[in-house]
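Just structure.cif here, mmCIF, C-alpha atoms:
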```
data_final
loop_
_atom_site.group_PDB
_atom_site.id
_atom_site.type_symbol
_atom_site.label_atom_id
_atom_site.label_comp_id
_atom_site.auth_asym_id
_atom_site.auth_seq_id
_atom_site.Cartn_x
_atom_site.Cartn_y
_atom_site.Cartn_z
ATOM 1 C CA MET A 98 34.124 -125.067 -94.343
ATOM 2 C CA ILE A 99 32.693 -127.983 -96.221
ATOM 3 C CA ASP A 100 34.126 -131.386 -95.576
ATOM 4 C CA LYS A 101 33.776 -133.007 -98.992
ATOM 5 C CA ASN A 102 34.481 -136.492 -97.676
ATOM 6 C CA SER A 103 31.677 -136.666 -95.187
ATOM 7 C CA MET A 104 29.469 -134.082 -96.895
ATOM 8 C CA THR A 105 28.773 -132.428 -93.608
ATOM 9 C CA THR A 106 29.553 -128.882 -92.657
ATOM 10 C CA THR A 107 31.321 -127.381 -89.686
ATOM 11 C CA THR A 108 29.795 -124.036 -88.903
ATOM 12 C CA PRO A 109 32.139 -121.118 -88.230
ATOM 13 C CA LEU A 110 31.148 -118.648 -85.553
ATOM 14 C CA LEU A 111 31.696 -114.953 -86.198
ATOM 15 C CA LEU A 112 31.960 -112.929 -82.992
ATOM 16 C CA ILE A 113 31.461 -109.372 -84.169
ATOM 17 C CA THR A 114 32.543 -106.772 -81.617
ATOM 18 C CA ALA A 115 33.664 -103.869 -83.798
ATOM 19 C CA ASP A 116 31.722 -100.626 -83.993
ATOM 20 C CA PRO A 117 29.916 -100.234 -87.353
ATOM 21 C CA SER A 118 32.340 -97.443 -88.265
ATOM 22 C CA HIS A 119 35.337 -99.753 -87.836
ATOM 23 C CA PRO A 120 36.762 -101.452 -90.954
ATOM 24 C CA LEU A 121 36.455 -104.828 -89.223
ATOM 25 C CA ALA A 122 32.670 -104.457 -89.125
ATOM 26 C CA LYS A 123 32.601 -104.260 -92.915
ATOM 27 C CA LEU A 124 35.138 -107.064 -93.193
ATOM 28 C CA ALA A 125 32.879 -109.319 -91.129
ATOM 29 C CA LEU A 126 30.043 -108.758 -93.575
ATOM 30 C CA ARG A 127 32.322 -109.405 -96.557
ATOM 31 C CA TYR A 128 33.628 -112.575 -94.960
ATOM 32 C CA ALA A 129 30.129 -113.841 -94.184
ATOM 33 C CA ARG A 130 28.898 -113.102 -97.689
ATOM 34 C CA ALA A 131 31.891 -114.774 -99.340
ATOM 35 C CA TYR A 132 31.745 -117.794 -97.055
ATOM 36 C CA LEU A 133 28.043 -118.361 -97.622
ATOM 37 C CA GLN A 134 28.329 -117.912 -101.395
ATOM 38 C CA ASN A 135 31.261 -120.311 -101.538
ATOM 39 C CA ALA A 136 29.439 -122.867 -99.428
ATOM 40 C CA LYS A 137 26.333 -122.523 -101.551
ATOM 41 C CA ASN A 138 28.377 -123.098 -104.718
ATOM 42 C CA ALA A 139 30.055 -126.145 -103.191
ATOM 43 C CA VAL A 140 26.739 -127.663 -102.211
ATOM 44 C CA ALA A 141 25.284 -126.983 -105.652
ATOM 45 C CA ALA A 142 28.308 -128.546 -107.348
ATOM 46 C CA ASP A 143 28.047 -131.612 -105.196
ATOM 47 C CA GLU A 144 24.369 -131.964 -105.925
ATOM 48 C CA GLN A 145 25.227 -132.126 -109.616
ATOM 49 C CA HIS A 146 27.858 -134.812 -109.141
ATOM 50 C CA ASN A 147 26.187 -136.848 -106.452
ATOM 51 C CA ASP A 148 22.454 -136.563 -106.794
ATOM 52 C CA SER A 149 21.839 -140.091 -105.577
ATOM 53 C CA ASP A 150 21.889 -139.226 -101.902
ATOM 54 C CA HIS A 151 20.658 -135.730 -101.165
ATOM 55 C CA SER A 152 19.954 -136.593 -97.551
ATOM 56 C CA LYS A 153 23.648 -136.383 -96.669
ATOM 57 C CA ILE A 154 24.011 -132.852 -97.976
ATOM 58 C CA LYS A 155 23.582 -130.175 -95.363
ATOM 59 C CA LYS A 156 22.845 -126.581 -96.152
ATOM 60 C CA ALA A 157 25.791 -124.292 -95.544
ATOM 61 C CA SER A 158 25.300 -122.072 -92.557
ATOM 62 C CA LEU A 159 27.086 -119.584 -90.396
ATOM 63 C CA ASN A 160 26.771 -118.683 -86.745
ATOM 64 C CA ILE A 161 26.953 -114.995 -85.910
ATOM 65 C CA PHE A 162 26.942 -113.157 -82.600
ATOM 66 C CA PHE A 163 26.963 -109.389 -82.149
ATOM 67 C CA TYR A 164 28.633 -108.233 -78.944
ATOM 68 C CA GLY A 165 29.862 -104.969 -77.484
ATOM 69 C CA ASP A 166 29.995 -102.036 -79.905
ATOM 70 C CA ALA A 167 28.715 -104.240 -82.734
ATOM 71 C CA ALA A 168 25.289 -104.035 -81.086
ATOM 72 C CA HIS A 169 24.966 -100.631 -82.813
ATOM 73 C CA ILE A 170 24.429 -102.541 -86.068
ATOM 74 C CA ALA A 171 21.088 -103.732 -84.673
ATOM 75 C CA ASN A 172 19.824 -100.182 -84.142
ATOM 76 C CA ARG A 173 17.161 -99.446 -86.762
ATOM 77 C CA LEU A 174 17.350 -95.714 -85.954
ATOM 78 C CA ARG A 175 21.050 -95.409 -86.769
ATOM 79 C CA TRP A 176 21.225 -92.883 -89.574
ATOM 80 C CA GLN A 177 24.151 -92.429 -91.933
ATOM 81 C CA SER A 178 24.787 -90.698 -95.216
ATOM 82 C CA ALA A 179 23.810 -92.457 -98.432
ATOM 83 C CA ASP A 180 27.401 -92.941 -99.598
ATOM 84 C CA GLN A 181 28.112 -95.206 -96.641
ATOM 85 C CA ILE A 182 27.358 -98.906 -96.569
ATOM 86 C CA ASN A 183 24.304 -99.617 -94.411
ATOM 87 C CA LEU A 184 25.488 -102.585 -92.383
ATOM 88 C CA THR A 185 22.097 -103.039 -90.730
ATOM 89 C CA LYS A 186 20.345 -103.508 -94.068
ATOM 90 C CA GLU A 187 23.180 -105.593 -95.491
ATOM 91 C CA TRP A 188 23.005 -108.026 -92.574
ATOM 92 C CA GLN A 189 19.217 -108.134 -92.851
ATOM 93 C CA ASN A 190 19.467 -108.993 -96.548
ATOM 94 C CA LEU A 191 22.080 -111.681 -95.938
ATOM 95 C CA ALA A 192 20.058 -113.175 -93.111
ATOM 96 C CA GLU A 193 16.975 -113.318 -95.291
ATOM 97 C CA GLN A 194 18.850 -114.848 -98.206
ATOM 98 C CA TYR A 195 20.500 -117.604 -96.155
ATOM 99 C CA GLU A 196 17.973 -117.911 -93.314
ATOM 100 C CA LEU A 197 20.506 -116.799 -90.718
ATOM 101 C CA SER A 198 19.709 -115.707 -87.207
ATOM 102 C CA LEU A 199 21.246 -112.450 -85.983
ATOM 103 C CA PRO A 200 21.610 -112.698 -82.201
ATOM 104 C CA VAL A 201 22.785 -109.664 -80.250
ATOM 105 C CA CYS A 202 23.934 -109.719 -76.630
ATOM 106 C CA VAL A 203 21.066 -108.165 -74.699
ATOM 107 C CA SER A 204 23.140 -106.414 -72.040
ATOM 108 C CA THR A 205 25.554 -104.796 -74.486
ATOM 109 C CA ALA A 206 22.589 -103.703 -76.621
ATOM 110 C CA LEU A 207 20.645 -102.218 -73.717
ATOM 111 C CA SER A 208 23.683 -100.353 -72.438
ATOM 112 C CA ARG A 209 23.935 -98.690 -75.874
ATOM 113 C CA GLY A 210 20.267 -97.727 -76.037
ATOM 114 C CA ILE A 211 19.157 -100.577 -78.269
ATOM 115 C CA THR A 212 16.119 -102.521 -77.108
ATOM 116 C CA ASP A 213 13.291 -104.702 -78.304
ATOM 117 C CA ALA A 214 9.691 -104.305 -77.151
ATOM 118 C CA ASP A 215 9.970 -106.874 -74.334
ATOM 119 C CA ASN A 216 13.019 -105.281 -72.765
ATOM 120 C CA SER A 217 11.585 -101.833 -73.299
ATOM 121 C CA ALA A 218 8.569 -102.785 -71.187
ATOM 122 C CA ARG A 219 10.696 -104.607 -68.616
ATOM 123 C CA HIS A 220 13.037 -101.679 -68.075
ATOM 124 C CA GLN A 221 10.404 -98.919 -68.429
ATOM 125 C CA LEU A 222 11.977 -97.466 -71.571
ATOM 126 C CA ASP A 223 10.113 -95.118 -73.873
ATOM 127 C CA SER A 224 10.208 -97.169 -77.041
ATOM 128 C CA ASP A 225 12.047 -99.888 -78.921
ATOM 129 C CA ASN A 226 14.482 -99.673 -81.816
ATOM 130 C CA LEU A 227 15.777 -103.170 -82.554
ATOM 131 C CA ALA A 228 16.054 -103.663 -86.304
ATOM 132 C CA ALA A 229 13.971 -106.429 -87.871
ATOM 133 C CA GLY A 230 15.768 -109.753 -88.149
ATOM 134 C CA PHE A 231 17.947 -109.180 -85.083
ATOM 135 C CA ALA A 232 17.202 -110.786 -81.713
ATOM 136 C CA LEU A 233 18.383 -109.884 -78.222
ATOM 137 C CA VAL A 234 19.739 -112.937 -76.437
ATOM 138 C CA GLY A 235 21.780 -113.747 -73.349
ATOM 139 C CA LEU A 236 25.525 -114.245 -73.424
ATOM 140 C CA SER A 237 24.918 -117.913 -72.658
ATOM 141 C CA GLU A 238 23.764 -118.294 -76.272
ATOM 142 C CA LEU A 239 27.299 -117.518 -77.391
ATOM 143 C CA ALA A 240 28.747 -120.002 -74.922
ATOM 144 C CA MET A 241 26.377 -122.647 -76.251
ATOM 145 C CA MET A 242 27.381 -121.926 -79.861
ATOM 146 C CA MET A 243 31.002 -122.398 -78.841
ATOM 147 C CA GLN A 244 30.275 -125.843 -77.391
ATOM 148 C CA GLU A 245 29.938 -127.151 -80.926
ATOM 149 C CA ASN A 246 33.697 -127.204 -81.446
ATOM 150 C CA ASN A 247 33.521 -124.813 -84.354
ATOM 151 C CA THR A 248 35.907 -122.177 -85.615
ATOM 152 C CA LEU A 249 35.625 -118.878 -83.775
ATOM 153 C CA MET A 250 36.619 -115.622 -85.451
ATOM 154 C CA GLN A 251 36.469 -112.154 -83.915
ATOM 155 C CA PHE A 252 35.856 -109.112 -86.062
ATOM 156 C CA MET B 378 37.543 -124.241 -76.240
ATOM 157 C CA LYS B 379 40.787 -122.770 -74.893
ATOM 158 C CA LEU B 380 40.807 -118.988 -75.153
ATOM 159 C CA LEU B 381 43.020 -116.048 -74.324
ATOM 160 C CA ILE B 382 41.008 -112.874 -73.731
ATOM 161 C CA GLN B 383 43.027 -109.667 -73.755
ATOM 162 C CA LEU B 384 41.664 -106.482 -72.198
ATOM 163 C CA HIS B 385 43.283 -103.380 -73.693
ATOM 164 C CA THR B 386 40.569 -100.733 -73.863
ATOM 165 C CA ALA B 387 40.597 -98.196 -71.055
ATOM 166 C CA THR B 388 36.847 -97.813 -70.701
ATOM 167 C CA GLU B 389 34.706 -99.230 -67.938
ATOM 168 C CA MET B 390 32.245 -100.705 -70.423
ATOM 169 C CA ALA B 391 34.779 -102.414 -72.701
ATOM 170 C CA SER B 392 36.741 -103.894 -69.810
ATOM 171 C CA TYR B 393 33.520 -105.063 -68.177
ATOM 172 C CA GLU B 394 32.234 -106.655 -71.383
ATOM 173 C CA GLY B 395 35.501 -108.442 -72.085
ATOM 174 C CA CYS B 396 35.711 -109.739 -68.531
ATOM 175 C CA ALA B 397 32.009 -110.681 -68.445
ATOM 176 C CA LEU B 398 32.526 -112.732 -71.583
ATOM 177 C CA ALA B 399 35.484 -114.493 -69.962
ATOM 178 C CA LEU B 400 33.532 -115.363 -66.805
ATOM 179 C CA THR B 401 30.498 -116.559 -68.767
ATOM 180 C CA LEU B 402 32.567 -118.804 -70.999
ATOM 181 C CA ALA B 403 34.386 -120.203 -67.964
ATOM 182 C CA THR B 404 31.007 -120.992 -66.408
ATOM 183 C CA PHE B 405 30.209 -123.074 -69.472
ATOM 184 C CA GLY B 406 33.394 -125.090 -69.141
ATOM 185 C CA HIS B 407 35.667 -123.230 -71.545
ATOM 186 C CA GLU B 408 39.295 -122.712 -70.510
ATOM 187 C CA VAL B 409 39.818 -118.972 -70.372
ATOM 188 C CA GLN B 410 42.999 -117.060 -69.595
ATOM 189 C CA LEU B 411 42.676 -113.306 -69.081
ATOM 190 C CA TYR B 412 45.399 -110.824 -69.940
ATOM 191 C CA LEU B 413 45.081 -107.294 -68.532
ATOM 192 C CA ASP B 414 47.134 -104.737 -70.413
ATOM 193 C CA ALA B 415 48.372 -101.489 -68.878
ATOM 194 C CA PRO B 416 45.491 -99.297 -70.187
ATOM 195 C CA VAL B 417 43.019 -101.091 -67.879
ATOM 196 C CA PHE B 418 45.164 -100.720 -64.746
ATOM 197 C CA GLY B 419 43.389 -97.501 -63.818
ATOM 198 C CA LEU B 420 40.046 -99.316 -63.778
ATOM 199 C CA LEU B 421 41.537 -102.239 -61.904
ATOM 200 C CA MET B 422 42.613 -99.886 -59.126
ATOM 201 C CA GLN B 423 39.133 -98.388 -58.707
ATOM 202 C CA PRO B 424 37.234 -100.454 -56.106
ATOM 203 C CA GLU B 425 33.896 -99.350 -57.581
ATOM 204 C CA SER B 426 34.722 -100.568 -61.097
ATOM 205 C CA ARG B 427 33.122 -103.793 -62.265
ATOM 206 C CA LEU B 428 36.499 -105.010 -63.533
ATOM 207 C CA HIS B 429 37.906 -104.736 -60.004
ATOM 208 C CA GLY B 430 35.109 -106.852 -58.573
ATOM 209 C CA MET B 431 35.153 -109.471 -61.306
ATOM 210 C CA ILE B 432 38.907 -110.018 -61.145
ATOM 211 C CA GLN B 433 38.564 -110.453 -57.372
ATOM 212 C CA SER B 434 36.262 -113.405 -58.019
ATOM 213 C CA LEU B 435 38.267 -115.239 -60.676
ATOM 214 C CA ASP B 436 38.919 -118.211 -58.427
ATOM 215 C CA LEU B 437 35.171 -118.633 -57.841
ATOM 216 C CA TYR B 438 34.953 -119.370 -61.572
ATOM 217 C CA ASP B 439 37.917 -121.774 -61.418
ATOM 218 C CA MET B 440 39.858 -119.397 -63.614
ATOM 219 C CA PRO B 441 43.628 -118.981 -63.376
ATOM 220 C CA ALA B 442 45.157 -115.730 -62.193
ATOM 221 C CA ALA B 443 44.956 -113.029 -64.854
ATOM 222 C CA TRP B 444 48.176 -112.226 -66.650
ATOM 223 C CA LEU B 445 49.780 -108.797 -66.477
ATOM 224 C CA PRO B 446 52.592 -107.496 -68.701
ATOM 225 C CA ASP B 447 56.000 -108.495 -67.386
ATOM 226 C CA ASP B 448 57.264 -105.058 -66.471
ATOM 227 C CA VAL B 449 57.932 -102.758 -63.531
ATOM 228 C CA PHE B 450 54.552 -101.027 -63.831
ATOM 229 C CA SER B 451 52.729 -104.335 -63.267
ATOM 230 C CA GLY B 452 54.778 -104.918 -60.130
ATOM 231 C CA TRP B 453 53.881 -101.451 -58.863
ATOM 232 C CA VAL B 454 50.165 -101.969 -59.563
ATOM 233 C CA THR B 455 50.122 -105.345 -57.861
ATOM 234 C CA GLY B 456 51.718 -103.776 -54.808
ATOM 235 C CA MET B 457 49.086 -101.046 -54.698
ATOM 236 C CA LEU B 458 46.096 -103.398 -54.867
ATOM 237 C CA PRO B 459 44.359 -105.152 -51.952
ATOM 238 C CA ALA B 460 45.832 -108.559 -51.238
ATOM 239 C CA ASP B 461 42.715 -110.495 -52.288
ATOM 240 C CA LEU B 462 42.794 -108.819 -55.702
ATOM 241 C CA ALA B 463 46.554 -109.061 -56.105
ATOM 242 C CA SER B 464 46.329 -112.807 -55.471
ATOM 243 C CA GLN B 465 44.251 -113.102 -58.658
ATOM 244 C CA LEU B 466 47.023 -111.568 -60.774
ATOM 245 C CA THR B 467 50.339 -112.851 -62.026
ATOM 246 C CA LEU B 468 52.962 -111.737 -64.514
ATOM 247 C CA ILE B 469 52.662 -113.238 -67.976
ATOM 248 C CA PRO B 470 55.068 -116.173 -68.447
ATOM 249 C CA GLU B 471 58.276 -115.339 -70.306
ATOM 250 C CA VAL B 472 57.322 -117.733 -73.078
ATOM 251 C CA VAL B 473 53.730 -117.977 -74.252
ATOM 252 C CA ASN B 474 52.879 -120.250 -77.136
ATOM 253 C CA THR B 475 49.845 -118.629 -78.690
ATOM 254 C CA GLN B 476 49.201 -121.859 -80.581
ATOM 255 C CA ASP B 477 48.096 -123.326 -77.248
ATOM 256 C CA PHE B 478 44.958 -121.205 -77.554
ATOM 257 C CA GLU B 479 42.271 -121.946 -80.081
ATOM 258 C CA GLN B 480 41.451 -118.265 -80.312
ATOM 259 C CA ILE B 481 42.628 -114.952 -78.912
ATOM 260 C CA LEU B 482 39.956 -112.332 -78.330
ATOM 261 C CA ARG B 483 40.706 -108.662 -77.791
ATOM 262 C CA PHE B 484 38.585 -106.020 -76.097
#
```

Would you encode the structure as structure tokens?
Amino acid sequence: MIDKNSMTTTTPLLLITADPSHPLAKLALRYARAYLQNAKNAVAADEQHNDSDHSKIKKASLNIFFYGDAAHIANRLRWQSADQINLTKEWQNLAEQYELSLPVCVSTALSRGITDADNSARHQLDSDNLAAGFALVGLSELAMMMQENNTLMQF
Amino acid sequence: MKLLIQLHTATEMASYEGCALALTLATFGHEVQLYLDAPVFGLLMQPESRLHGMIQSLDLYDMPAAWLPDDVFSGWVTGMLPADLASQLTLIPEVVNTQDFEQILRF
């Protein structure tokens, strides 16, 4: 949401808990993509009309947190048929395009067999399978994101 | 942030993750109200379940008693539970204004 009066942005927080096979998981991606595109367009339009003070314009951003069954999205070994949308790749592309971070709750990921190299070594697991661009973080990260008085949406 | 977290899913993991989120957010100063729906009653009654233990400790997190549906089954469950756990549960108020909560999360 872009506040056109102050030219600052309030950053929504998407709490994604749905399994990748659930329609809400796809809806979360669609929402994020549409929000970021809309915010990008608004910033670009404002730059055209008010190019005297670029310092006040903030880049549109979005906070995302994967929790519960949504941790499956961060599994780089999750195979699916070619006619299905690959949510892992789609989130990776979006994150690269808009410089987003993709935090995943570490305990929900580990309990579903998803781990990075550090946790693999710590818990004596055979290997790691966290997809590139995703990061395992503690639940406190989510609590800290919510301190910023932003809009929280669960998918 | 003022939140209502509803636990509906009758699996140990989902109920644990929903409750763990509630306790963590309460630790960080958020106002969290839990609502336990009938499907999680079976887990609540198992002393070895993580949900059982976490609900027992709600007051340690300065959280209010968890809401249960206002029906006969909730009364029966409360009567079957140990007193220290039952004291952390209460029937949902007759009138709940969902607008009082900034967000409602469901697990």

**Report entry** Pick from B:Leu380, B:Leu468, B:Leu400, B:Met390 nearest to Gly165 (chain A), counting only C-alpha atoms
**Finding:**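 Comparing B:Leu380, B:Leu468, B:Leu400, B:Met390 against Gly165 (chain A), the winner is B:Met390.
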
Determine, for each residue of chain B having at least one atom at most 8 Å from an atom of chain A, the closest pair of atoms and their separation in Å to one decimal, counting only C-alpha atoms; order by chain and ascending number, as a tab-separated table.
```
residue	atom	partner	partner_atom	distance
B:Met378	CA	A:Asn246	CA	7.1
B:Ala391	CA	A:Gly165	CA	7.3
B:Glu394	CA	A:Gly165	CA	6.8
B:Leu398	CA	A:Leu236	CA	7.4
B:Thr401	CA	A:Ser237	CA	6.9
B:Leu402	CA	A:Ala240	CA	5.6
B:Phe405	CA	A:Ala240	CA	6.4
B:Gln480	CA	A:Leu249	CA	6.8
B:Leu482	CA	A:Gln251	CA	6.6
```

Go ahead and write the selection's residues with C-alpha atoms as an mmCIF file, in the frame of the given file.
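Contents of result-v7.cif, as written:
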```
data_model
loop_
_atom_site.group_PDB
_atom_site.id
_atom_site.type_symbol
_atom_site.label_atom_id
_atom_site.label_comp_id
_atom_site.auth_asym_id
_atom_site.auth_seq_id
_atom_site.Cartn_x
_atom_site.Cartn_y
_atom_site.Cartn_z
ATOM 1 C CA MET B 378 37.543 -124.241 -76.240
ATOM 2 C CA ALA B 391 34.779 -102.414 -72.701
ATOM 3 C CA GLU B 394 32.234 -106.655 -71.383
ATOM 4 C CA LEU B 398 32.526 -112.732 -71.583
ATOM 5 C CA THR B 401 30.498 -116.559 -68.767
ATOM 6 C CA LEU B 402 32.567 -118.804 -70.999
ATOM 7 C CA PHE B 405 30.209 -123.074 -69.472
ATOM 8 C CA GLN B 480 41.451 -118.265 -80.312
ATOM 9 C CA LEU B 482 39.956 -112.332 -78.330
#
```

Query raised in the report: Within 12 Å of (23.8, -106.4, -94.0), in the coordinates the file gives, what residues turn up when you count all atoms listed in the file, written out as a PyMOL selection string?
Result: chain A and resi 117+122-130+170-171+182-195+197+199+228-231

Write a file of the just-selected residues containing C-alpha atoms, as a JSON list (two decimals), in the frame of the given file.
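The resulting result12.json:
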```
[["chain", "number", "residue", "atom", "x", "y", "z"],
["A", 117, "PRO", "CA", 29.92, -100.23, -87.35],
["A", 122, "ALA", "CA", 32.67, -104.46, -89.12],
["A", 123, "LYS", "CA", 32.60, -104.26, -92.92],
["A", 124, "LEU", "CA", 35.14, -107.06, -93.19],
["A", 125, "ALA", "CA", 32.88, -109.32, -91.13],
["A", 126, "LEU", "CA", 30.04, -108.76, -93.58],
["A", 127, "ARG", "CA", 32.32, -109.40, -96.56],
["A", 128, "TYR", "CA", 33.63, -112.58, -94.96],
["A", 129, "ALA", "CA", 30.13, -113.84, -94.18],
["A", 130, "ARG", "CA", 28.90, -113.10, -97.69],
["A", 170, "ILE", "CA", 24.43, -102.54, -86.07],
["A", 171, "ALA", "CA", 21.09, -103.73, -84.67],
["A", 182, "ILE", "CA", 27.36, -98.91, -96.57],
["A", 183, "ASN", "CA", 24.30, -99.62, -94.41],
["A", 184, "LEU", "CA", 25.49, -102.58, -92.38],
["A", 185, "THR", "CA", 22.10, -103.04, -90.73],
["A", 186, "LYS", "CA", 20.34, -103.51, -94.07],
["A", 187, "GLU", "CA", 23.18, -105.59, -95.49],
["A", 188, "TRP", "CA", 23.00, -108.03, -92.57],
["A", 189, "GLN", "CA", 19.22, -108.13, -92.85],
["A", 190, "ASN", "CA", 19.47, -108.99, -96.55],
["A", 191, "LEU", "CA", 22.08, -111.68, -95.94],
["A", 192, "ALA", "CA", 20.06, -113.18, -93.11],
["A", 193, "GLU", "CA", 16.98, -113.32, -95.29],
["A", 194, "GLN", "CA", 18.85, -114.85, -98.21],
["A", 195, "TYR", "CA", 20.50, -117.60, -96.16],
["A", 197, "LEU", "CA", 20.51, -116.80, -90.72],
["A", 199, "LEU", "CA", 21.25, -112.45, -85.98],
["A", 228, "ALA", "CA", 16.05, -103.66, -86.30],
["A", 229, "ALA", "CA", 13.97, -106.43, -87.87],
["A", 230, "GLY", "CA", 15.77, -109.75, -88.15],
["A", 231, "PHE", "CA", 17.95, -109.18, -85.08]]
```

Requested in this report: To one decimal in Å, tell me the separation between CA of Val203 (chain A) and CA of Glu479 (chain B).
Outcome: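 Separation of CA of Val203 (chain A) and CA of Glu479 (chain B): 25.9 Å.
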
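Among A:Val201, A:Leu121, A:Leu133, A:Leu111, the residue with the shortest atom-to-atom distance to Phe163 (chain A), counting only C-alpha atoms, is A:Val201.
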
Excluding Ser217 (chain A) and its own-chain neighbours fewer than 5 positions away, which residues fall within 12 Å of it when counting only C-alpha atoms? Please give them as a PDB file with C-alpha atoms, in the coordinates of the input.
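As a result, result-v3.pdb now contains:
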```pdb
ATOM      1  CA  VAL A 203      21.066-108.165 -74.699  1.00  0.00           C
ATOM      2  CA  ALA A 206      22.589-103.703 -76.621  1.00  0.00           C
ATOM      3  CA  LEU A 207      20.645-102.218 -73.717  1.00  0.00           C
ATOM      4  CA  GLY A 210      20.267 -97.727 -76.037  1.00  0.00           C
ATOM      5  CA  ILE A 211      19.157-100.577 -78.269  1.00  0.00           C
ATOM      6  CA  THR A 212      16.119-102.521 -77.108  1.00  0.00           C
ATOM      7  CA  LEU A 222      11.977 -97.466 -71.571  1.00  0.00           C
ATOM      8  CA  ASP A 223      10.113 -95.118 -73.873  1.00  0.00           C
ATOM      9  CA  SER A 224      10.208 -97.169 -77.041  1.00  0.00           C
ATOM     10  CA  ASP A 225      12.047 -99.888 -78.921  1.00  0.00           C
ATOM     11  CA  ASN A 226      14.482 -99.673 -81.816  1.00  0.00           C
ATOM     12  CA  LEU A 227      15.777-103.170 -82.554  1.00  0.00           C
ATOM     13  CA  LEU A 233      18.383-109.884 -78.222  1.00  0.00           C
TER      14      LEU A 233
END
```

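Between CA of Leu110 (chain A) and CA of Ala141 (chain A) the interatomic distance comes to 22.5 Å.
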
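The shortest atom-to-atom distance to Thr455 (chain B), with all atoms listed in the file taken into account, belongs to B:Phe418 out of B:Phe484, B:Phe418, B:Tyr438, B:Phe478.
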
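Considering all atoms listed in the file, the residue among B:Asp414, B:Ser434, B:Trp453, B:Glu425 positioned nearest to Ala397 (chain B) is B:Ser434.
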
Test item: axis-aligned box, all listed atoms of region 235-247 of chain A, 3 Å on each side, centre and edges in Å rounded to one decimal, as JSON:
```
{"center_x": 27.7, "center_y": -120.5, "center_z": -78.5, "size_x": 17.9, "size_y": 19.5, "size_z": 17.7}
```

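Put simply, CA of Gln177 (chain A) is 28.0 Å away from CA of Gln221 (chain A).
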